[in-house]
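Here's final.pdb, which has PDB, C-alpha atoms:
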```pdb
ATOM      1  CA  MET A   1      66.632  21.768-116.388
ATOM      2  CA  GLN A   2      63.007  21.416-115.464
ATOM      3  CA  GLU A   3      60.821  22.686-112.671
ATOM      4  CA  ARG A   4      59.573  19.875-110.451
ATOM      5  CA  ALA A   5      55.902  18.973-110.972
ATOM      6  CA  THR A   6      53.506  16.664-109.139
ATOM      7  CA  VAL A   7      51.562  13.971-110.978
ATOM      8  CA  PRO A   8      47.803  13.508-110.341
ATOM      9  CA  ARG A   9      46.768   9.996-109.335
ATOM     10  CA  GLY A  10      43.700   7.810-109.843
ATOM     11  CA  ARG A  11      41.197   8.371-112.633
ATOM     12  CA  HIS A  12      42.540  11.905-113.167
ATOM     13  CA  ALA A  13      46.056  10.628-113.887
ATOM     14  CA  PRO A  14      47.544  11.666-117.258
ATOM     15  CA  PRO A  15      48.421   9.100-119.967
ATOM     16  CA  LEU A  16      51.408   6.811-119.369
ATOM     17  CA  GLU A  17      53.791   8.714-121.650
ATOM     18  CA  VAL A  18      52.944  11.984-119.872
ATOM     19  CA  ARG A  19      53.462  10.404-116.456
ATOM     20  CA  GLN A  20      56.784   8.958-117.550
ATOM     21  CA  SER A  21      57.919  12.328-118.898
ATOM     22  CA  ARG A  22      56.987  14.005-115.608
ATOM     23  CA  GLN A  23      58.683  11.256-113.616
ATOM     24  CA  ARG A  24      61.828  11.743-115.663
ATOM     25  CA  GLY A  25      61.698  15.489-115.068
ATOM     26  CA  ARG A  26      61.375  14.950-111.313
ATOM     27  CA  LEU A  27      64.241  12.470-111.352
ATOM     28  CA  PHE A  28      66.395  14.952-113.278
ATOM     29  CA  ALA A  29      65.684  17.669-110.704
ATOM     30  CA  ALA A  30      66.347  15.247-107.857
ATOM     31  CA  ALA A  31      69.570  13.976-109.423
ATOM     32  CA  ALA A  32      70.834  17.516-109.932
ATOM     33  CA  ALA A  33      70.095  18.323-106.283
ATOM     34  CA  VAL A  34      71.861  15.196-105.037
ATOM     35  CA  PHE A  35      74.873  15.646-107.338
ATOM     36  CA  ALA A  36      75.179  19.277-106.214
ATOM     37  CA  ARG A  37      74.878  18.366-102.530
ATOM     38  CA  VAL A  38      77.173  15.333-102.224
ATOM     39  CA  GLY A  39      78.987  15.118-105.573
ATOM     40  CA  TYR A  40      78.680  12.519-108.290
ATOM     41  CA  ALA A  41      81.025  10.028-106.618
ATOM     42  CA  ASP A  42      78.922   9.784-103.439
ATOM     43  CA  ALA A  43      75.505   9.998-105.108
ATOM     44  CA  THR A  44      73.378   6.836-105.288
ATOM     45  CA  ALA A  45      70.295   5.769-107.188
ATOM     46  CA  GLU A  46      68.536   5.325-103.843
ATOM     47  CA  ALA A  47      69.316   8.899-102.776
ATOM     48  CA  ILE A  48      68.090  10.277-106.102
ATOM     49  CA  ALA A  49      64.855   8.281-105.931
ATOM     50  CA  ARG A  50      64.285   9.380-102.328
ATOM     51  CA  GLU A  51      64.909  13.029-103.276
ATOM     52  CA  ALA A  52      62.301  12.678-106.044
ATOM     53  CA  GLY A  53      59.811  11.001-103.713
ATOM     54  CA  MET A  54      59.869   7.826-105.784
ATOM     55  CA  SER A  55      60.936   4.232-105.349
ATOM     56  CA  LYS A  56      64.324   2.959-106.441
ATOM     57  CA  ALA A  57      62.458   0.688-108.867
ATOM     58  CA  THR A  58      61.036   3.775-110.599
ATOM     59  CA  PHE A  59      64.549   5.173-110.958
ATOM     60  CA  TYR A  60      65.637   1.976-112.701
ATOM     61  CA  GLU A  61      62.660   2.152-115.056
ATOM     62  CA  HIS A  62      64.264   5.304-116.480
ATOM     63  CA  PHE A  63      68.018   4.769-116.019
ATOM     64  CA  GLY A  64      70.314   1.760-115.856
ATOM     65  CA  ASN A  65      72.511   3.391-113.201
ATOM     66  CA  LYS A  66      73.633   6.790-111.965
ATOM     67  CA  GLU A  67      75.993   7.175-114.931
ATOM     68  CA  ASP A  68      73.049   6.814-117.331
ATOM     69  CA  CYS A  69      71.214   9.364-115.227
ATOM     70  CA  ILE A  70      73.932  12.029-115.245
ATOM     71  CA  VAL A  71      74.544  11.565-118.978
ATOM     72  CA  ALA A  72      70.822  11.949-119.739
ATOM     73  CA  LEU A  73      70.596  14.958-117.413
ATOM     74  CA  PHE A  74      73.643  16.509-119.066
ATOM     75  CA  ASP A  75      72.151  16.032-122.543
ATOM     76  CA  ALA A  76      68.836  17.579-121.483
ATOM     77  CA  ALA A  77      70.547  20.530-119.780
ATOM     78  CA  THR A  78      72.780  21.148-122.801
ATOM     79  CA  ASP A  79      69.758  21.158-125.109
ATOM     80  CA  GLN A  80      67.996  23.671-122.869
ATOM     81  CA  VAL A  81      70.995  25.994-122.671
ATOM     82  CA  LEU A  82      71.421  25.946-126.457
ATOM     83  CA  ALA A  83      67.697  26.529-126.938
ATOM     84  CA  ALA A  84      67.816  29.542-124.603
ATOM     85  CA  MET A  85      70.763  30.988-126.535
ATOM     86  CA  ARG A  86      69.059  30.459-129.907
ATOM     87  CA  GLU A  87      65.802  31.988-128.704
ATOM     88  CA  ALA A  88      67.615  35.014-127.300
ATOM     89  CA  ALA A  89      69.503  35.544-130.554
ATOM     90  CA  ALA A  90      66.273  35.204-132.561
ATOM     91  CA  ARG A  91      64.553  37.816-130.379
ATOM     92  CA  ASP A  92      67.386  40.333-130.784
ATOM     93  CA  ALA A  93      65.944  42.854-133.228
ATOM     94  CA  ALA A  94      69.130  44.946-133.440
ATOM     95  CA  ASP A  95      70.704  42.618-136.039
ATOM     96  CA  ASP A  96      74.078  43.750-134.736
ATOM     97  CA  PRO A  97      76.852  41.246-133.881
ATOM     98  CA  GLN A  98      77.860  43.000-130.652
ATOM     99  CA  SER A  99      74.261  43.216-129.479
ATOM    100  CA  ARG A 100      73.769  39.543-130.302
ATOM    101  CA  VAL A 101      76.860  38.624-128.291
ATOM    102  CA  ARG A 102      75.461  40.403-125.241
ATOM    103  CA  THR A 103      72.012  38.876-125.697
ATOM    104  CA  THR A 104      73.324  35.345-126.195
ATOM    105  CA  LEU A 105      75.754  35.520-123.279
ATOM    106  CA  GLY A 106      73.015  36.936-121.083
ATOM    107  CA  ALA A 107      70.767  34.002-121.965
ATOM    108  CA  PHE A 108      73.546  31.487-121.250
ATOM    109  CA  LEU A 109      74.514  32.898-117.866
ATOM    110  CA  GLY A 110      70.902  33.641-116.957
ATOM    111  CA  THR A 111      69.936  30.010-117.554
ATOM    112  CA  LEU A 112      72.819  28.816-115.375
ATOM    113  CA  ALA A 113      71.790  31.233-112.631
ATOM    114  CA  HIS A 114      68.167  30.045-112.726
ATOM    115  CA  PHE A 115      69.137  26.364-112.424
ATOM    116  CA  PRO A 116      72.130  26.255-110.028
ATOM    117  CA  ASP A 117      71.967  22.516-109.252
ATOM    118  CA  GLU A 118      71.699  21.550-112.916
ATOM    119  CA  SER A 119      74.502  23.980-113.730
ATOM    120  CA  GLN A 120      76.791  22.242-111.248
ATOM    121  CA  THR A 121      76.053  18.941-112.986
ATOM    122  CA  LEU A 122      76.541  20.503-116.412
ATOM    123  CA  LEU A 123      79.856  22.184-115.645
ATOM    124  CA  VAL A 124      81.425  20.477-112.621
ATOM    125  CA  GLU A 125      80.135  17.005-111.726
ATOM    126  CA  ILE A 126      80.168  15.723-115.307
ATOM    127  CA  VAL A 127      83.987  15.895-115.307
ATOM    128  CA  GLY A 128      84.227  13.049-112.766
ATOM    129  CA  ALA A 129      81.510  10.859-114.242
ATOM    130  CA  GLY A 130      83.663   8.710-116.534
ATOM    131  CA  PRO A 131      84.684   8.477-120.214
ATOM    132  CA  ARG A 132      81.144   8.395-121.636
ATOM    133  CA  ALA A 133      80.241  11.549-119.743
ATOM    134  CA  MET A 134      83.411  13.297-120.915
ATOM    135  CA  GLU A 135      82.626  12.332-124.499
ATOM    136  CA  ARG A 136      79.227  13.978-124.066
ATOM    137  CA  ARG A 137      80.896  17.055-122.580
ATOM    138  CA  ASP A 138      83.273  17.339-125.549
ATOM    139  CA  ARG A 139      80.334  16.970-127.924
ATOM    140  CA  ALA A 140      78.373  19.673-126.079
ATOM    141  CA  LEU A 141      81.275  22.139-126.178
ATOM    142  CA  GLU A 142      81.635  21.463-129.887
ATOM    143  CA  ALA A 143      77.909  22.104-130.422
ATOM    144  CA  VAL A 144      78.061  25.466-128.657
ATOM    145  CA  ALA A 145      81.229  26.445-130.542
ATOM    146  CA  GLN A 146      79.611  25.429-133.818
ATOM    147  CA  TYR A 147      76.588  27.589-132.998
ATOM    148  CA  LEU A 148      78.846  30.600-132.374
ATOM    149  CA  GLU A 149      80.612  29.876-135.651
ATOM    150  CA  GLU A 150      77.271  29.785-137.497
ATOM    151  CA  LEU A 151      76.298  33.178-136.087
ATOM    152  CA  ASN A 152      79.670  34.659-136.982
ATOM    153  CA  ALA A 153      79.627  33.196-140.510
ATOM    154  CA  ARG A 154      76.250  34.821-141.238
ATOM    155  CA  ASP A 155      77.377  38.169-139.865
ATOM    156  CA  ALA A 156      80.706  38.035-141.715
ATOM    157  CA  GLU A 157      78.996  37.156-144.991
ATOM    158  CA  ARG A 158      77.068  40.413-144.906
ATOM    159  CA  GLY A 159      80.119  42.405-143.840
ATOM    160  CA  ALA A 160      78.941  43.127-140.306
ATOM    161  CA  THR A 161      81.937  41.586-138.514
ATOM    162  CA  PRO A 162      85.319  39.968-139.216
ATOM    163  CA  ARG A 163      85.384  36.197-139.673
ATOM    164  CA  LEU A 164      86.557  34.258-136.629
ATOM    165  CA  HIS A 165      89.280  31.647-136.870
ATOM    166  CA  PRO A 166      87.681  28.206-136.257
ATOM    167  CA  PHE A 167      89.619  27.777-132.995
ATOM    168  CA  ASP A 168      88.398  31.172-131.741
ATOM    169  CA  ALA A 169      84.901  29.806-131.140
ATOM    170  CA  PHE A 170      86.345  26.949-129.075
ATOM    171  CA  ALA A 171      88.507  29.442-127.165
ATOM    172  CA  ILE A 172      85.413  31.463-126.282
ATOM    173  CA  VAL A 173      83.439  28.412-125.187
ATOM    174  CA  GLY A 174      86.349  27.007-123.185
ATOM    175  CA  ALA A 175      86.929  30.294-121.391
ATOM    176  CA  VAL A 176      83.253  30.734-120.567
ATOM    177  CA  VAL A 177      82.929  27.164-119.274
ATOM    178  CA  GLU A 178      86.024  27.500-117.078
ATOM    179  CA  LEU A 179      84.914  30.860-115.671
ATOM    180  CA  ALA A 180      81.419  29.530-114.960
ATOM    181  CA  SER A 181      82.784  26.291-113.448
ATOM    182  CA  ARG A 182      85.055  28.263-111.145
ATOM    183  CA  GLN A 183      82.160  30.451-110.010
ATOM    184  CA  ILE A 184      80.063  27.363-109.218
ATOM    185  CA  ARG A 185      82.918  25.727-107.278
ATOM    186  CA  THR A 186      84.025  28.806-105.334
ATOM    187  CA  GLY A 187      81.001  31.093-105.251
ATOM    188  CA  VAL A 188      83.139  33.946-106.638
ATOM    189  CA  PRO A 189      81.625  36.180-107.857
ATOM    190  CA  SER A 190      78.468  35.734-105.822
ATOM    191  CA  ASP A 191      76.234  35.773-108.914
ATOM    192  CA  ILE A 192      77.323  33.941-112.045
ATOM    193  CA  ARG A 193      75.780  36.695-114.178
ATOM    194  CA  GLU A 194      78.513  39.046-112.957
ATOM    195  CA  LEU A 195      80.816  37.216-115.370
ATOM    196  CA  GLU A 196      78.972  38.664-118.350
ATOM    197  CA  PRO A 197      81.205  41.753-118.837
ATOM    198  CA  VAL A 198      84.358  39.594-118.704
ATOM    199  CA  VAL A 199      83.064  37.139-121.282
ATOM    200  CA  GLU A 200      81.752  39.975-123.419
ATOM    201  CA  ARG A 201      85.179  41.631-123.524
ATOM    202  CA  LEU A 202      86.808  38.318-124.463
ATOM    203  CA  THR A 203      84.317  37.595-127.239
ATOM    204  CA  LEU A 204      84.251  41.082-128.689
ATOM    205  CA  GLY A 205      88.040  41.227-128.522
ATOM    206  CA  LEU A 206      88.312  38.106-130.688
ATOM    207  CA  LEU A 207      85.668  39.436-133.044
ATOM    208  CA  GLY A 208      87.574  42.678-133.383
ATOM    209  CA  ALA A 209      90.832  40.883-134.085
ATOM    210  CA  GLY A 210      89.309  38.813-136.899
ATOM    211  CA  ALA A 211      90.683  35.546-138.191
ATOM    212  CA  ALA A 212      94.234  34.555-137.400
ATOM    213  CA  PRO A 213      96.545  34.175-140.435
TER     214      PRO A 213
END
```
For this file, write the structure as structure tokens.
Amino acid sequence: MQERATVPRGRHAPPLEVRQSRQRGRLFAAAAAVFARVGYADATAEAIAREAGMSKATFYEHFGNKEDCIVALFDAATDQVLAAMREAAARDAADDPQSRVRTTLGAFLGTLAHFPDESQTLLVEIVGAGPRAMERRDRALEAVAQYLEELNARDAERGATPRLHPFDAFAIVGAVVELASRQIRTGVPSDIRELEPVVERLTLGLLGAGAAP
């Protein structure tokens, strides 16, 4: 999830590794736009390169094929979403579990709203991209669930909240992903951030119930 940037040419051009990083960022943005517009199945390396204003040869310098591209884009988008959630939680000065839930969910949905094309790749197109992509998706859901578990474990240790059952974190993540995926596919509600109260009630309800026996 990166903003597209232009690369200076000639003697003012940045070092090779910087140019390659910027090229990759432009290709990610272009791939997300193409995947969102035509779907993963109909996307091509040529269309992605054209969207980025690059040659097909440049695309293949970074990715072996469109599957490599969507997997790399998915990994980068997942890292950015998790980073946004961690930063939001770290900035929350209230040190209150309920406040942290609201802050973290707001960061998650806000990031999806800011990058709609990447969000469609992250939550919708990845499902049809093959076994390797699905393995990455499962790993990403596990990483987010593990992060929620870490937050809950710290809060429970100091007596601020009941301890969640291990499957509760997966239930929260699964529900949020399905709600967000549906919004991206249908456009209902019109703004993905309108889902925040629903997800908040679900999460706080599980927190209030505590661990299952």
For CA of Arg102 (chain A) and CA of Arg154 (chain A), the interatomic separation in Å (one decimal): 17.0 Å
d(CA of Ala84 (chain A), CA of Thr104 (chain A)) in Å: 8.2 Å
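Put simply, the PyMOL selection byres ((chain A and resi 152) around 9) in this file takes in Pro97, Tyr147, Leu148, Glu149, Glu150, Leu151, Ala153, Arg154, Asp155, Ala156, Glu157, Thr161, Pro162, Arg163, Leu164 and Leu207 of chain A.
When you apply the PyMOL selection byres ((chain A and resi 168) around 9) to this structure, what comes back is Ala145, Glu149, Leu164, His165, Pro166, Phe167, Ala169, Phe170, Ala171, Ile172, Val173, Thr203, Leu206, Leu207, Ala211 and Ala212 of chain A.
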CA of Asp92 (chain A) to CA of Leu123 (chain A), distance in Å rounded to a single decimal: 26.7 Å
Long-range neighbours of Phe74 (chain A) as a ChimeraX atom specification, 9 Å cut-off, all atoms listed in the file, 2 positions minimum in chain: /A:69-72,76-79,118,121-122,126,133,136-137
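Using all atoms listed in the file, the nearest neighbour of Gly208 (chain A) within the list A:Ala160, A:Ala32, A:Leu27, A:Met54 is A:Ala160.
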Nearest to Lys66 (chain A), chosen from A:Ala90, A:Ala143, A:Met85, A:Ala43, with only C-alpha atoms counted in the distances: A:Ala43
Cut-off 12 Å around (67.5, 25.8, -121.3) with all atoms listed in the file: residues as an MDAnalysis selection string: chainID A and resid 1:3 73:88 107:115 118:119 122
Output the selection as a short mmCIF file (atom, residue, chain, number, x, y, z; two decimals), in the frame of the given file - C-alpha atoms for each residue.
```
data_model
loop_
_atom_site.label_atom_id
_atom_site.label_comp_id
_atom_site.auth_asym_id
_atom_site.auth_seq_id
_atom_site.Cartn_x
_atom_site.Cartn_y
_atom_site.Cartn_z
CA MET A 1 66.63 21.77 -116.39
CA GLN A 2 63.01 21.42 -115.46
CA GLU A 3 60.82 22.69 -112.67
CA LEU A 73 70.60 14.96 -117.41
CA PHE A 74 73.64 16.51 -119.07
CA ASP A 75 72.15 16.03 -122.54
CA ALA A 76 68.84 17.58 -121.48
CA ALA A 77 70.55 20.53 -119.78
CA THR A 78 72.78 21.15 -122.80
CA ASP A 79 69.76 21.16 -125.11
CA GLN A 80 68.00 23.67 -122.87
CA VAL A 81 71.00 25.99 -122.67
CA LEU A 82 71.42 25.95 -126.46
CA ALA A 83 67.70 26.53 -126.94
CA ALA A 84 67.82 29.54 -124.60
CA MET A 85 70.76 30.99 -126.54
CA ARG A 86 69.06 30.46 -129.91
CA GLU A 87 65.80 31.99 -128.70
CA ALA A 88 67.61 35.01 -127.30
CA ALA A 107 70.77 34.00 -121.96
CA PHE A 108 73.55 31.49 -121.25
CA LEU A 109 74.51 32.90 -117.87
CA GLY A 110 70.90 33.64 -116.96
CA THR A 111 69.94 30.01 -117.55
CA LEU A 112 72.82 28.82 -115.38
CA ALA A 113 71.79 31.23 -112.63
CA HIS A 114 68.17 30.04 -112.73
CA PHE A 115 69.14 26.36 -112.42
CA GLU A 118 71.70 21.55 -112.92
CA SER A 119 74.50 23.98 -113.73
CA LEU A 122 76.54 20.50 -116.41
#
```
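The smallest atom-to-atom distance between Gln183 (chain A) and any of A:Ala45, A:Leu195, A:Ala36, A:Ala57, using all atoms listed in the file, is found for A:Leu195.
Proximity of A:Phe59, A:Gly174, A:Ser99, A:Glu51 to Arg37 (chain A), computed with all atoms listed in the file, is greatest for A:Glu51.
Remark: for Leu105 (chain A), the closest of the candidate residues A:Ala140, A:Val18, A:Ala41, A:Val176 is A:Val176 (distances computed over all atoms listed in the file).
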